[in-house]
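Colleague: Below are the structure tokens for one structure; questions will follow.
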Amino acid sequence: MALRFEVLGRFNRARAANLTLPHFLCQTPLFMPVGTQGTIKGLTTNQLEEIGCQIILGNTYHLALRPTSELIDELGGLHKFMNWPRALLTDSGGFQMVSLLHLADITEKGVTFQSPVDGKPMLLTPEESIQIQNRIGADIIMALDDVVKTTITGPRIEEAMYRTLRWIDRCIAAHKRPNEQNLFGIVQGGLDPVLRDICVRGLVDRNLPGYAIGGLAGGEDKDSFWRVVAQCTAALPEDKPRYVMGVGYPLDIVVCSALGADMYDCVYPTRTARFGTALVTEGVLKLKHNVMADDTRPIDPTCACMVCKNYTRAYIHCLVTKDAMGSQLLSYHNLFYMMKLSRDLHSSIIEGRFPQFVCDFLRKMFPKGDVPEWVCNAMEVAGIDISSCCAPFISSQE
């Protein structure tokens with residue numbers, strides 16, 4: 001095992017911890033930007049360090065296609081290749097089963113993809129996924145799992161869960177760098193609590209360095225989403241990191257952290273930036289709207305990032321969707337927002353003011369008190385009383 005996880009503070013289920021990885025000492029809860037092919041679009045690694053990014057996520061499937069894991073290994077690993085001194089996490093390629101399903105055929109042996117580069121078939125087995133990730137050299141590597149959208153029902157969910165458990169043993173056997181890279185297992189089972197429980201217990205029996213909750217953020221309703229997170233975090237070990245995959249909405253991160261999760265990743269902050277949308281304490285700000293054309297305020301007057309200190313909404317409105325600089329500036333701001341959110345979660349838990357932080361966050365996002373019912377339900381399970389800051393209006397919106 002090549003990590004140390006030390007819980008520094010708690011509030012009920014929420015926890016703040018130091019996660020020591022081979023390349024960096026991280027503080028949780030934390031958000032990981034997605035750098036599919038070893039880059040966060042439009043930002044340099046120096047800028048990512050500047051805003052406090054701790055871990056970047058790379059995509060095994062895409063890196064294996066181009067520039068190839070062999071070349072990355074030959075050039076000293078992904079850290080050196082992309083000039084990133086801090087931590088890296090690579091996914092297994094399993095998510096592409098869902099996102100590129102028209103290109104994929106799933107069997108017990110593995111996943112056969114049609115390469116989007118040259119159209120040739122490419123077999124990704126659990127063993128091959130781990131071998132590729134061993135060559136890439138990330139601090140955290142993910143087991144290949146059988147991923148099914150949560151909106152699918154029936155026997156396919158059960159089949160995928162049991163296959164995920166069979167594949168984890170093949171991943172463990174194939175992993176040749178356990179003292180340098182941490183293999184995380186992924187809890188599957190759709191929205192079925194029985195299947196989720198079987199998968200959690202099966203993975204915990206393998207005594208892995210960390211665990212992810214997979215198969216969510218794929219279109220399921222929010223009430224189902226938080227209940228799966230709550231169930232899994234309650235059953236996973238206290239002394240290991242818990243990673244909710246594909247979660248990037250700030251509200252979801254606050255809720256999942258209250259329920260005991262530690263790590264998150266998503267393309268959302270950078271993808272939404274490319275469409276001209278900024279993350280702000282009230283929710284989102286759409287810079288494409290014409291009302292921004294002569295607005296001389298910064299994106300967020302309370303934000304200390306380089307973009308908010310130097311540029312107006314009017315200037316960015318002029319750039320968005322027309323000039324690469326617009327998406328670069330908004331990506332910088334949005335990731336700064338996400339890193340600050342991570343730091344605020346960590347410090348509020350350690351300093352014993354997490355409930356107040358949650359109330360303040362919700363009050364700004366829902367100034368009329370119309371907090372979604374699913375959030376209220378999740379906070380009740382998390383042991384956080386939000387009635388004082390969010391009453392009297394409670395809505396059932398999702």
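Following the order of the structure tokens, first chain is A, next is B, and so on, with residues numbered from 1 inside each chain and ligands from 1 in the order they appear.
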Once DSSP has gone over the backbone, tell me which residues of segment 181-250 of chain A are in strand (DSSP E or B), as a compact mmCIF listing (two decimals) with N, CA, C and O atoms, in the first residue's frame.

Modeller:
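Once written, result.txt looks like this:
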# COMPACT_ATOMS: atom_id res chain seq x y z
N ASN A 182 -1.57 2.85 -5.88
CA ASN A 182 -2.67 2.36 -5.05
C ASN A 182 -3.85 1.94 -5.91
O ASN A 182 -4.42 2.77 -6.62
N LEU A 183 -4.21 0.67 -5.84
CA LEU A 183 -5.33 0.15 -6.61
C LEU A 183 -6.63 0.31 -5.81
O LEU A 183 -6.76 -0.24 -4.72
N PHE A 184 -7.56 1.07 -6.36
CA PHE A 184 -8.88 1.26 -5.74
C PHE A 184 -9.89 0.34 -6.43
O PHE A 184 -9.91 0.24 -7.66
N GLY A 185 -10.76 -0.28 -5.64
CA GLY A 185 -11.88 -1.03 -6.19
C GLY A 185 -13.09 -0.13 -6.33
O GLY A 185 -13.18 0.93 -5.69
N ILE A 186 -14.05 -0.54 -7.17
CA ILE A 186 -15.22 0.29 -7.46
C ILE A 186 -16.50 -0.46 -7.11
O ILE A 186 -16.75 -1.55 -7.62
N VAL A 187 -17.30 0.15 -6.25
CA VAL A 187 -18.57 -0.44 -5.83
C VAL A 187 -19.61 -0.23 -6.94
O VAL A 187 -19.89 0.91 -7.32
N GLY A 210 -8.06 1.83 -1.13
CA GLY A 210 -9.17 2.79 -1.16
C GLY A 210 -10.31 2.24 -1.99
O GLY A 210 -10.17 1.24 -2.69
N TYR A 211 -11.46 2.92 -1.91
CA TYR A 211 -12.67 2.42 -2.56
C TYR A 211 -13.43 3.55 -3.24
O TYR A 211 -13.51 4.67 -2.71
N ALA A 212 -13.98 3.24 -4.41
CA ALA A 212 -14.78 4.21 -5.14
C ALA A 212 -16.22 3.74 -5.21
O ALA A 212 -16.49 2.53 -5.18
N ILE A 213 -17.13 4.69 -5.29
CA ILE A 213 -18.54 4.41 -5.50
C ILE A 213 -18.82 4.77 -6.95
O ILE A 213 -18.75 5.95 -7.33
N ARG A 242 -12.65 7.33 0.39
CA ARG A 242 -13.88 6.99 -0.33
C ARG A 242 -14.08 8.00 -1.45
O ARG A 242 -14.13 9.20 -1.21
N TYR A 243 -14.21 7.52 -2.65
CA TYR A 243 -14.21 8.35 -3.86
C TYR A 243 -15.52 8.15 -4.62
O TYR A 243 -15.83 7.04 -5.05
N VAL A 244 -16.30 9.22 -4.75
CA VAL A 244 -17.55 9.16 -5.53
C VAL A 244 -17.24 9.62 -6.95
O VAL A 244 -16.94 10.79 -7.19

Colleague: How close does segment 200-251 of chain A get to segment 326-349 of chain A? List, as a tab-separated table, each residue of segment 200-251 of chain A within 12 Å, its nearest atom pair and the distance in Å to one decimal, counting only C-alpha atoms.

Modeller:
residue	atom	partner	partner_atom	distance
A:Val247	CA	A:Met338	CA	11.9
A:Gly248	CA	A:Met338	CA	8.7
A:Tyr249	CA	A:Met338	CA	9.3
A:Pro250	CA	A:Met338	CA	7.4
A:Leu251	CA	A:Leu341	CA	10.3

Colleague: Kindly export the residues of the current selection with N, CA, C and O atoms, as a PDB file, in the first residue's frame.

Modeller:
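Wrote it out as again30.pdb, contents follow:
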ATOM      1  N   VAL A 247     -18.752  12.933  -9.917  1.00  0.00           N
ATOM      2  CA  VAL A 247     -19.550  13.964  -9.235  1.00  0.00           C
ATOM      3  C   VAL A 247     -18.803  15.292  -9.258  1.00  0.00           C
ATOM      4  O   VAL A 247     -17.657  15.366  -8.814  1.00  0.00           O
ATOM      5  N   GLY A 248     -19.458  16.343  -9.780  1.00  0.00           N
ATOM      6  CA  GLY A 248     -18.780  17.626  -9.896  1.00  0.00           C
ATOM      7  C   GLY A 248     -19.637  18.844  -9.610  1.00  0.00           C
ATOM      8  O   GLY A 248     -19.131  19.963  -9.564  1.00  0.00           O
ATOM      9  N   TYR A 249     -20.944  18.656  -9.429  1.00  0.00           N
ATOM     10  CA  TYR A 249     -21.775  19.797  -9.046  1.00  0.00           C
ATOM     11  C   TYR A 249     -21.442  20.162  -7.602  1.00  0.00           C
ATOM     12  O   TYR A 249     -21.426  19.287  -6.727  1.00  0.00           O
ATOM     13  N   PRO A 250     -21.191  21.444  -7.326  1.00  0.00           N
ATOM     14  CA  PRO A 250     -20.833  21.842  -5.964  1.00  0.00           C
ATOM     15  C   PRO A 250     -21.826  21.366  -4.907  1.00  0.00           C
ATOM     16  O   PRO A 250     -21.430  20.893  -3.843  1.00  0.00           O
ATOM     17  N   LEU A 251     -23.134  21.465  -5.190  1.00  0.00           N
ATOM     18  CA  LEU A 251     -24.143  21.029  -4.225  1.00  0.00           C
ATOM     19  C   LEU A 251     -23.989  19.537  -3.917  1.00  0.00           C
ATOM     20  O   LEU A 251     -24.060  19.114  -2.753  1.00  0.00           O
TER      21      LEU A 251
END

Colleague: If you count only C-alpha atoms, which residues fall within 10 Å of Asp294 of chain A, apart from same-chain ones fewer than 3 positions away, as a list in words?

Modeller: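 Skipping anything fewer than 3 positions along the chain leaves Asn290, Val291, Arg297, Thr312, Arg313, Ala314, Tyr315, His317 and Cys318 of chain A.
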
Colleague: Can I get the selected residues back with all heavy atoms, as a compact mmCIF listing (two decimals), in the first residue's frame?

Modeller:
# COMPACT_ATOMS: atom_id res chain seq x y z
N ASN A 290 -26.86 38.49 -22.99
CA ASN A 290 -26.61 39.86 -23.45
C ASN A 290 -26.52 40.87 -22.32
O ASN A 290 -25.88 41.91 -22.45
CB ASN A 290 -27.71 40.29 -24.43
CG ASN A 290 -27.58 39.59 -25.77
OD1 ASN A 290 -26.48 39.15 -26.13
ND2 ASN A 290 -28.67 39.45 -26.49
N VAL A 291 -27.16 40.56 -21.19
CA VAL A 291 -27.13 41.48 -20.05
C VAL A 291 -25.70 41.65 -19.52
O VAL A 291 -25.39 42.63 -18.83
CB VAL A 291 -28.08 40.97 -18.94
CG1 VAL A 291 -27.52 39.70 -18.27
CG2 VAL A 291 -28.34 42.04 -17.91
N ARG A 297 -18.61 44.48 -13.52
CA ARG A 297 -18.21 43.76 -12.30
C ARG A 297 -17.39 42.52 -12.65
O ARG A 297 -17.47 42.01 -13.79
CB ARG A 297 -19.47 43.33 -11.53
CG ARG A 297 -20.25 44.46 -10.90
CD ARG A 297 -21.53 43.94 -10.28
NE ARG A 297 -22.47 43.44 -11.29
CZ ARG A 297 -23.59 42.80 -11.02
NH1 ARG A 297 -23.94 42.57 -9.76
NH2 ARG A 297 -24.39 42.39 -11.99
N THR A 312 -13.49 41.84 -16.37
CA THR A 312 -14.91 42.12 -16.12
C THR A 312 -15.79 41.08 -16.82
O THR A 312 -15.36 40.38 -17.74
CB THR A 312 -15.30 43.51 -16.66
OG1 THR A 312 -15.14 43.50 -18.10
CG2 THR A 312 -14.44 44.60 -16.04
N ARG A 313 -17.04 41.06 -16.39
CA ARG A 313 -18.01 40.19 -17.05
C ARG A 313 -18.17 40.60 -18.52
O ARG A 313 -18.32 39.74 -19.39
CB ARG A 313 -19.36 40.28 -16.34
CG ARG A 313 -19.35 39.76 -14.91
CD ARG A 313 -20.71 39.94 -14.25
NE ARG A 313 -20.70 39.49 -12.86
CZ ARG A 313 -21.76 39.43 -12.07
NH1 ARG A 313 -22.95 39.82 -12.55
NH2 ARG A 313 -21.65 39.00 -10.82
N ALA A 314 -18.13 41.90 -18.77
CA ALA A 314 -18.29 42.40 -20.15
C ALA A 314 -17.18 41.86 -21.05
O ALA A 314 -17.44 41.44 -22.19
CB ALA A 314 -18.28 43.93 -20.14
N TYR A 315 -15.95 41.87 -20.54
CA TYR A 315 -14.81 41.39 -21.34
C TYR A 315 -14.96 39.90 -21.65
O TYR A 315 -14.78 39.47 -22.79
CB TYR A 315 -13.51 41.65 -20.58
CG TYR A 315 -12.28 41.12 -21.29
CD1 TYR A 315 -11.83 41.69 -22.48
CD2 TYR A 315 -11.57 40.04 -20.76
CE1 TYR A 315 -10.71 41.20 -23.13
CE2 TYR A 315 -10.44 39.54 -21.40
CZ TYR A 315 -10.02 40.12 -22.58
OH TYR A 315 -8.90 39.65 -23.23
N HIS A 317 -17.72 38.14 -21.59
CA HIS A 317 -18.87 38.00 -22.47
C HIS A 317 -18.45 38.16 -23.93
O HIS A 317 -18.92 37.42 -24.82
CB HIS A 317 -19.94 39.05 -22.12
CG HIS A 317 -21.03 39.17 -23.15
ND1 HIS A 317 -22.10 38.30 -23.20
CD2 HIS A 317 -21.19 40.05 -24.19
CE1 HIS A 317 -22.88 38.65 -24.22
NE2 HIS A 317 -22.36 39.71 -24.82
N CYS A 318 -17.56 39.08 -24.16
CA CYS A 318 -17.07 39.37 -25.51
C CYS A 318 -16.28 38.18 -26.08
O CYS A 318 -16.26 37.96 -27.29
CB CYS A 318 -16.18 40.61 -25.45
SG CYS A 318 -15.71 41.25 -27.04

Colleague: Sorted by chain and rising residue number, list the residues of segment 4-56 of chain A at most 12 Å from segment 372-379 of chain A (counting only C-alpha atoms), each with its closest atom pair and distance in Å to one decimal, as CSV.

Modeller:
residue,atom,partner,partner_atom,distance
A:Asn12,CA,A:Met379,CA,10.9
A:Arg13,CA,A:Met379,CA,10.5
A:Ala14,CA,A:Met379,CA,10.9

Colleague: Just to be explicit: take each residue in the selection above, keep all heavy atoms, and write the result as a short mmCIF file (atom, residue, chain, number, x, y, z; two decimals), in the first residue's frame.

Modeller:
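Now in selection_22.cif:
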data_model
loop_
_atom_site.label_atom_id
_atom_site.label_comp_id
_atom_site.auth_asym_id
_atom_site.auth_seq_id
_atom_site.Cartn_x
_atom_site.Cartn_y
_atom_site.Cartn_z
N ASN A 12 -20.12 14.18 12.69
CA ASN A 12 -20.96 13.02 12.38
C ASN A 12 -20.28 12.16 11.30
O ASN A 12 -19.21 11.65 11.51
CB ASN A 12 -22.37 13.43 12.00
CG ASN A 12 -23.12 14.03 13.19
OD1 ASN A 12 -22.72 13.85 14.34
ND2 ASN A 12 -24.21 14.73 12.92
N ARG A 13 -20.89 12.09 10.12
CA ARG A 13 -20.31 11.24 9.07
C ARG A 13 -19.23 11.96 8.26
O ARG A 13 -18.37 11.30 7.65
CB ARG A 13 -21.44 10.77 8.13
CG ARG A 13 -22.45 9.88 8.85
CD ARG A 13 -23.66 9.58 7.99
NE ARG A 13 -23.30 8.81 6.80
CZ ARG A 13 -24.07 7.86 6.27
NH1 ARG A 13 -25.22 7.56 6.84
NH2 ARG A 13 -23.71 7.23 5.20
N ALA A 14 -19.28 13.28 8.23
CA ALA A 14 -18.28 14.04 7.45
C ALA A 14 -16.92 13.93 8.10
O ALA A 14 -16.79 13.89 9.32
CB ALA A 14 -18.70 15.51 7.38
#

Colleague: If we count only C-alpha atoms and set the cut-off at 8 Å, which residues sit around Glu127 of chain A, ignoring sequence neighbours fewer than 2 positions away in its own chain? Please answer as a VMD selection string.

Modeller: chain A and resid 125 129 to 131 170 to 171 174 to 175

Colleague: Any chance you can output those residues with C-alpha atoms as an mmCIF file, in the first residue's frame?

Modeller:
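For reference, part-v8.cif as written:
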data_model
loop_
_atom_site.group_PDB
_atom_site.id
_atom_site.type_symbol
_atom_site.label_atom_id
_atom_site.label_comp_id
_atom_site.auth_asym_id
_atom_site.auth_seq_id
_atom_site.Cartn_x
_atom_site.Cartn_y
_atom_site.Cartn_z
ATOM 1 C CA THR A 125 -9.054 -6.821 -20.161
ATOM 2 C CA SER A 129 -6.019 -2.054 -17.942
ATOM 3 C CA ILE A 130 -3.705 -2.528 -14.950
ATOM 4 C CA GLN A 131 -0.627 -3.043 -17.148
ATOM 5 C CA ARG A 170 -7.730 -10.280 -11.861
ATOM 6 C CA CYS A 171 -6.734 -6.629 -11.345
ATOM 7 C CA ALA A 174 -1.983 -8.165 -12.505
ATOM 8 C CA HIS A 175 -0.867 -5.187 -10.361
#

Colleague: Extract, using only C-alpha atoms, all DNA, RNA and protein residues at most 8 Å from Ile136 of chain A, discarding same-chain residues fewer than 5 positions from it, and format them as a compact mmCIF listing (two decimals) with N, CA and C atoms, in the first residue's frame.

Modeller:
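Result file part.txt:
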# COMPACT_ATOMS: atom_id res chain seq x y z
N SER A 69 0.61 4.12 -23.81
CA SER A 69 1.22 3.97 -22.48
C SER A 69 2.70 3.59 -22.59
N ILE A 72 4.59 6.83 -22.96
CA ILE A 72 4.60 7.55 -21.68
C ILE A 72 5.61 6.91 -20.73
N ASP A 73 5.61 5.58 -20.67
CA ASP A 73 6.55 4.85 -19.81
C ASP A 73 7.99 5.12 -20.23
N GLY A 77 7.06 8.22 -17.43
CA GLY A 77 5.77 8.23 -16.73
C GLY A 77 5.00 9.51 -16.97
N LEU A 78 3.71 9.49 -16.63
CA LEU A 78 2.83 10.62 -16.95
C LEU A 78 3.20 11.88 -16.16

Colleague: Got a sec: who's within 10 Å of Gly352 of chain A, counting only C-alpha atoms, leaving out chain neighbours fewer than 4 positions off, as a list of chain:residue names?

Modeller: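 After dropping sequence-adjacent residues, the list is A:Gly9, A:Arg10, A:Phe11, A:Ser347, A:Ser348, A:Gln356, A:Phe357.
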
Colleague: Restricting the output to N, CA, C and O atoms, write the selected residues as a PDB file, in the first residue's frame.

Modeller:
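Below is the file that was written, part_18.pdb:
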ATOM      1  N   GLY A   9     -10.330  15.394  11.495  1.00  0.00           N
ATOM      2  CA  GLY A   9     -11.510  15.961  12.150  1.00  0.00           C
ATOM      3  C   GLY A   9     -12.772  15.354  11.577  1.00  0.00           C
ATOM      4  O   GLY A   9     -12.777  14.842  10.454  1.00  0.00           O
ATOM      5  N   ARG A  10     -13.849  15.409  12.357  1.00  0.00           N
ATOM      6  CA  ARG A  10     -15.129  14.840  11.929  1.00  0.00           C
ATOM      7  C   ARG A  10     -16.285  15.727  12.364  1.00  0.00           C
ATOM      8  O   ARG A  10     -16.183  16.453  13.336  1.00  0.00           O
ATOM      9  N   PHE A  11     -17.386  15.612  11.633  1.00  0.00           N
ATOM     10  CA  PHE A  11     -18.678  16.046  12.151  1.00  0.00           C
ATOM     11  C   PHE A  11     -19.673  14.978  11.725  1.00  0.00           C
ATOM     12  O   PHE A  11     -20.012  14.870  10.540  1.00  0.00           O
ATOM     13  N   SER A 347     -11.442  22.728   6.052  1.00  0.00           N
ATOM     14  CA  SER A 347     -11.195  23.565   7.234  1.00  0.00           C
ATOM     15  C   SER A 347     -12.426  23.658   8.125  1.00  0.00           C
ATOM     16  O   SER A 347     -12.320  23.672   9.350  1.00  0.00           O
ATOM     17  N   SER A 348     -13.622  23.689   7.549  1.00  0.00           N
ATOM     18  CA  SER A 348     -14.828  23.815   8.376  1.00  0.00           C
ATOM     19  C   SER A 348     -15.052  22.562   9.225  1.00  0.00           C
ATOM     20  O   SER A 348     -15.527  22.651  10.360  1.00  0.00           O
ATOM     21  N   GLN A 356     -22.485  25.012  10.138  1.00  0.00           N
ATOM     22  CA  GLN A 356     -22.651  26.424   9.769  1.00  0.00           C
ATOM     23  C   GLN A 356     -22.214  26.662   8.326  1.00  0.00           C
ATOM     24  O   GLN A 356     -22.858  27.404   7.583  1.00  0.00           O
ATOM     25  N   PHE A 357     -21.117  25.991   7.921  1.00  0.00           N
ATOM     26  CA  PHE A 357     -20.659  26.103   6.522  1.00  0.00           C
ATOM     27  C   PHE A 357     -21.748  25.615   5.572  1.00  0.00           C
ATOM     28  O   PHE A 357     -22.050  26.260   4.561  1.00  0.00           O
TER      29      PHE A 357
END

Colleague: Select from segment 148-339 of chain A everything DSSP, run on the backbone, classes as helix (DSSP H, G or I), then give the selection as a PyMOL selection string.

Modeller: chain A and resi 155-174+193-205+222-235+250-258+268-274+290-292+306-310+313-319+324-339

Colleague: Skipping near chain neighbours, those fewer than 4 positions away, what residues fall within 7 Å of segment 81-85 of chain A using only C-alpha atoms, listed as number ranges by chain?

Modeller: A: 23, 38, 45, 72, 75-77

Colleague: Rank A:Trp226, A:Tyr61, A:Phe113, A:Tyr264 by their smallest atom-to-atom distance to Pro29 of chain A, using only C-alpha atoms, and report the top residue only.

Modeller: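 Result for the nearest residue to Pro29 of chain A: A:Tyr264.
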
Colleague: Counting only C-alpha atoms, which residues of segment 198-272 of chain A sit at most 12 Å from some atom of segment 142-159 of chain A, and what is each one's closest atom pair with its distance in Å to one decimal, listed by chain and rising residue number, as a tab-separated table?

Modeller:
residue	atom	partner	partner_atom	distance
A:Ile198	CA	A:Glu158	CA	10.2
A:Cys199	CA	A:Glu158	CA	10.0
A:Leu203	CA	A:Ala143	CA	11.0
A:Leu208	CA	A:Ala143	CA	10.6
A:Pro209	CA	A:Met142	CA	10.8
A:Gly210	CA	A:Met142	CA	9.6
A:Tyr211	CA	A:Met142	CA	9.1
A:Ala212	CA	A:Met142	CA	8.5
A:Ile213	CA	A:Asp145	CA	11.2
A:Gly214	CA	A:Val147	CA	7.8
A:Gly215	CA	A:Val147	CA	6.2
A:Leu216	CA	A:Thr150	CA	6.4
A:Ala217	CA	A:Thr150	CA	8.3
A:Gly218	CA	A:Lys149	CA	6.0
A:Gly219	CA	A:Thr151	CA	6.5
A:Glu220	CA	A:Thr151	CA	5.8
A:Asp221	CA	A:Thr151	CA	9.0
A:Lys222	CA	A:Thr150	CA	11.7
A:Ser224	CA	A:Thr150	CA	9.6
A:Phe225	CA	A:Thr150	CA	9.3
A:Val228	CA	A:Thr150	CA	10.8
A:Tyr243	CA	A:Met142	CA	10.8
A:Met245	CA	A:Met142	CA	10.7

Colleague: Residues of the last selection are to be written out with N, CA, C and O atoms, as a PDB file, in the first residue's frame.

Modeller:
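Below is the file again.pdb, written as the result:
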ATOM      1  N   ILE A 198     -23.640  -6.319  -1.296  1.00  0.00           N
ATOM      2  CA  ILE A 198     -22.815  -7.481  -1.662  1.00  0.00           C
ATOM      3  C   ILE A 198     -21.478  -7.007  -2.237  1.00  0.00           C
ATOM      4  O   ILE A 198     -20.411  -7.531  -1.892  1.00  0.00           O
ATOM      5  N   CYS A 199     -21.538  -5.991  -3.082  1.00  0.00           N
ATOM      6  CA  CYS A 199     -20.315  -5.492  -3.725  1.00  0.00           C
ATOM      7  C   CYS A 199     -19.384  -4.835  -2.708  1.00  0.00           C
ATOM      8  O   CYS A 199     -18.172  -5.066  -2.721  1.00  0.00           O
ATOM      9  N   LEU A 203     -15.603  -6.192  -1.880  1.00  0.00           N
ATOM     10  CA  LEU A 203     -14.403  -5.365  -2.073  1.00  0.00           C
ATOM     11  C   LEU A 203     -13.653  -5.157  -0.765  1.00  0.00           C
ATOM     12  O   LEU A 203     -12.406  -5.214  -0.736  1.00  0.00           O
ATOM     13  N   LEU A 208      -8.331  -3.374   0.067  1.00  0.00           N
ATOM     14  CA  LEU A 208      -7.691  -2.476  -0.903  1.00  0.00           C
ATOM     15  C   LEU A 208      -7.279  -1.159  -0.247  1.00  0.00           C
ATOM     16  O   LEU A 208      -7.793  -0.811   0.820  1.00  0.00           O
ATOM     17  N   PRO A 209      -6.385  -0.393  -0.876  1.00  0.00           N
ATOM     18  CA  PRO A 209      -5.958   0.900  -0.307  1.00  0.00           C
ATOM     19  C   PRO A 209      -7.074   1.939  -0.246  1.00  0.00           C
ATOM     20  O   PRO A 209      -7.039   2.850   0.581  1.00  0.00           O
ATOM     21  N   GLY A 210      -8.060   1.834  -1.132  1.00  0.00           N
ATOM     22  CA  GLY A 210      -9.169   2.791  -1.157  1.00  0.00           C
ATOM     23  C   GLY A 210     -10.315   2.245  -1.987  1.00  0.00           C
ATOM     24  O   GLY A 210     -10.168   1.239  -2.693  1.00  0.00           O
ATOM     25  N   TYR A 211     -11.464   2.923  -1.905  1.00  0.00           N
ATOM     26  CA  TYR A 211     -12.671   2.417  -2.557  1.00  0.00           C
ATOM     27  C   TYR A 211     -13.426   3.553  -3.240  1.00  0.00           C
ATOM     28  O   TYR A 211     -13.507   4.666  -2.709  1.00  0.00           O
ATOM     29  N   ALA A 212     -13.977   3.240  -4.408  1.00  0.00           N
ATOM     30  CA  ALA A 212     -14.777   4.213  -5.136  1.00  0.00           C
ATOM     31  C   ALA A 212     -16.221   3.741  -5.208  1.00  0.00           C
ATOM     32  O   ALA A 212     -16.495   2.535  -5.183  1.00  0.00           O
ATOM     33  N   ILE A 213     -17.126   4.691  -5.286  1.00  0.00           N
ATOM     34  CA  ILE A 213     -18.542   4.411  -5.500  1.00  0.00           C
ATOM     35  C   ILE A 213     -18.821   4.773  -6.949  1.00  0.00           C
ATOM     36  O   ILE A 213     -18.749   5.951  -7.332  1.00  0.00           O
ATOM     37  N   GLY A 214     -19.063   3.768  -7.775  1.00  0.00           N
ATOM     38  CA  GLY A 214     -19.208   3.985  -9.210  1.00  0.00           C
ATOM     39  C   GLY A 214     -20.639   3.847  -9.671  1.00  0.00           C
ATOM     40  O   GLY A 214     -21.541   3.505  -8.905  1.00  0.00           O
ATOM     41  N   GLY A 215     -20.843   4.123 -10.958  1.00  0.00           N
ATOM     42  CA  GLY A 215     -22.147   3.909 -11.563  1.00  0.00           C
ATOM     43  C   GLY A 215     -23.191   4.944 -11.244  1.00  0.00           C
ATOM     44  O   GLY A 215     -24.374   4.734 -11.513  1.00  0.00           O
ATOM     45  N   LEU A 216     -22.782   6.083 -10.652  1.00  0.00           N
ATOM     46  CA  LEU A 216     -23.738   7.149 -10.337  1.00  0.00           C
ATOM     47  C   LEU A 216     -23.518   8.336 -11.274  1.00  0.00           C
ATOM     48  O   LEU A 216     -22.681   8.298 -12.161  1.00  0.00           O
ATOM     49  N   ALA A 217     -24.266   9.424 -11.033  1.00  0.00           N
ATOM     50  CA  ALA A 217     -24.174  10.643 -11.852  1.00  0.00           C
ATOM     51  C   ALA A 217     -24.412  10.320 -13.327  1.00  0.00           C
ATOM     52  O   ALA A 217     -23.795  10.903 -14.211  1.00  0.00           O
ATOM     53  N   GLY A 218     -25.320   9.373 -13.557  1.00  0.00           N
ATOM     54  CA  GLY A 218     -25.608   8.977 -14.929  1.00  0.00           C
ATOM     55  C   GLY A 218     -27.060   9.116 -15.314  1.00  0.00           C
ATOM     56  O   GLY A 218     -27.541   8.422 -16.200  1.00  0.00           O
ATOM     57  N   GLY A 219     -27.763  10.006 -14.611  1.00  0.00           N
ATOM     58  CA  GLY A 219     -29.150  10.269 -14.977  1.00  0.00           C
ATOM     59  C   GLY A 219     -30.170   9.802 -13.968  1.00  0.00           C
ATOM     60  O   GLY A 219     -31.366  10.030 -14.146  1.00  0.00           O
ATOM     61  N   GLU A 220     -29.695   9.139 -12.879  1.00  0.00           N
ATOM     62  CA  GLU A 220     -30.647   8.708 -11.845  1.00  0.00           C
ATOM     63  C   GLU A 220     -31.205   9.913 -11.095  1.00  0.00           C
ATOM     64  O   GLU A 220     -30.600  10.987 -11.110  1.00  0.00           O
ATOM     65  N   ASP A 221     -32.355   9.734 -10.427  1.00  0.00           N
ATOM     66  CA  ASP A 221     -32.907  10.849  -9.662  1.00  0.00           C
ATOM     67  C   ASP A 221     -32.035  11.098  -8.431  1.00  0.00           C
ATOM     68  O   ASP A 221     -31.353  10.199  -7.933  1.00  0.00           O
ATOM     69  N   LYS A 222     -32.073  12.327  -7.950  1.00  0.00           N
ATOM     70  CA  LYS A 222     -31.177  12.738  -6.863  1.00  0.00           C
ATOM     71  C   LYS A 222     -31.463  12.002  -5.562  1.00  0.00           C
ATOM     72  O   LYS A 222     -30.547  11.772  -4.768  1.00  0.00           O
ATOM     73  N   SER A 224     -32.357   8.881  -5.234  1.00  0.00           N
ATOM     74  CA  SER A 224     -31.651   7.589  -5.353  1.00  0.00           C
ATOM     75  C   SER A 224     -30.155   7.789  -5.233  1.00  0.00           C
ATOM     76  O   SER A 224     -29.451   6.991  -4.588  1.00  0.00           O
ATOM     77  N   PHE A 225     -29.639   8.847  -5.861  1.00  0.00           N
ATOM     78  CA  PHE A 225     -28.195   9.144  -5.845  1.00  0.00           C
ATOM     79  C   PHE A 225     -27.661   9.251  -4.420  1.00  0.00           C
ATOM     80  O   PHE A 225     -26.721   8.553  -4.026  1.00  0.00           O
ATOM     81  N   VAL A 228     -27.698   5.939  -2.301  1.00  0.00           N
ATOM     82  CA  VAL A 228     -26.615   4.989  -2.620  1.00  0.00           C
ATOM     83  C   VAL A 228     -25.307   5.454  -1.985  1.00  0.00           C
ATOM     84  O   VAL A 228     -24.571   4.656  -1.389  1.00  0.00           O
ATOM     85  N   TYR A 243     -14.213   7.518  -2.654  1.00  0.00           N
ATOM     86  CA  TYR A 243     -14.205   8.347  -3.861  1.00  0.00           C
ATOM     87  C   TYR A 243     -15.516   8.149  -4.617  1.00  0.00           C
ATOM     88  O   TYR A 243     -15.827   7.045  -5.046  1.00  0.00           O
ATOM     89  N   MET A 245     -17.320   8.691  -7.873  1.00  0.00           N
ATOM     90  CA  MET A 245     -16.862   8.954  -9.245  1.00  0.00           C
ATOM     91  C   MET A 245     -17.883   9.766 -10.045  1.00  0.00           C
ATOM     92  O   MET A 245     -19.085   9.549  -9.944  1.00  0.00           O
TER      93      MET A 245
END

Colleague: Out of A:Ala16, A:His79, A:Asn207, A:Asp223, which residue has the shortest atom-to-atom distance to Asp169 of chain A when counting only C-alpha atoms?

Modeller: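 The closest residue to Asp169 of chain A is A:Asn207.
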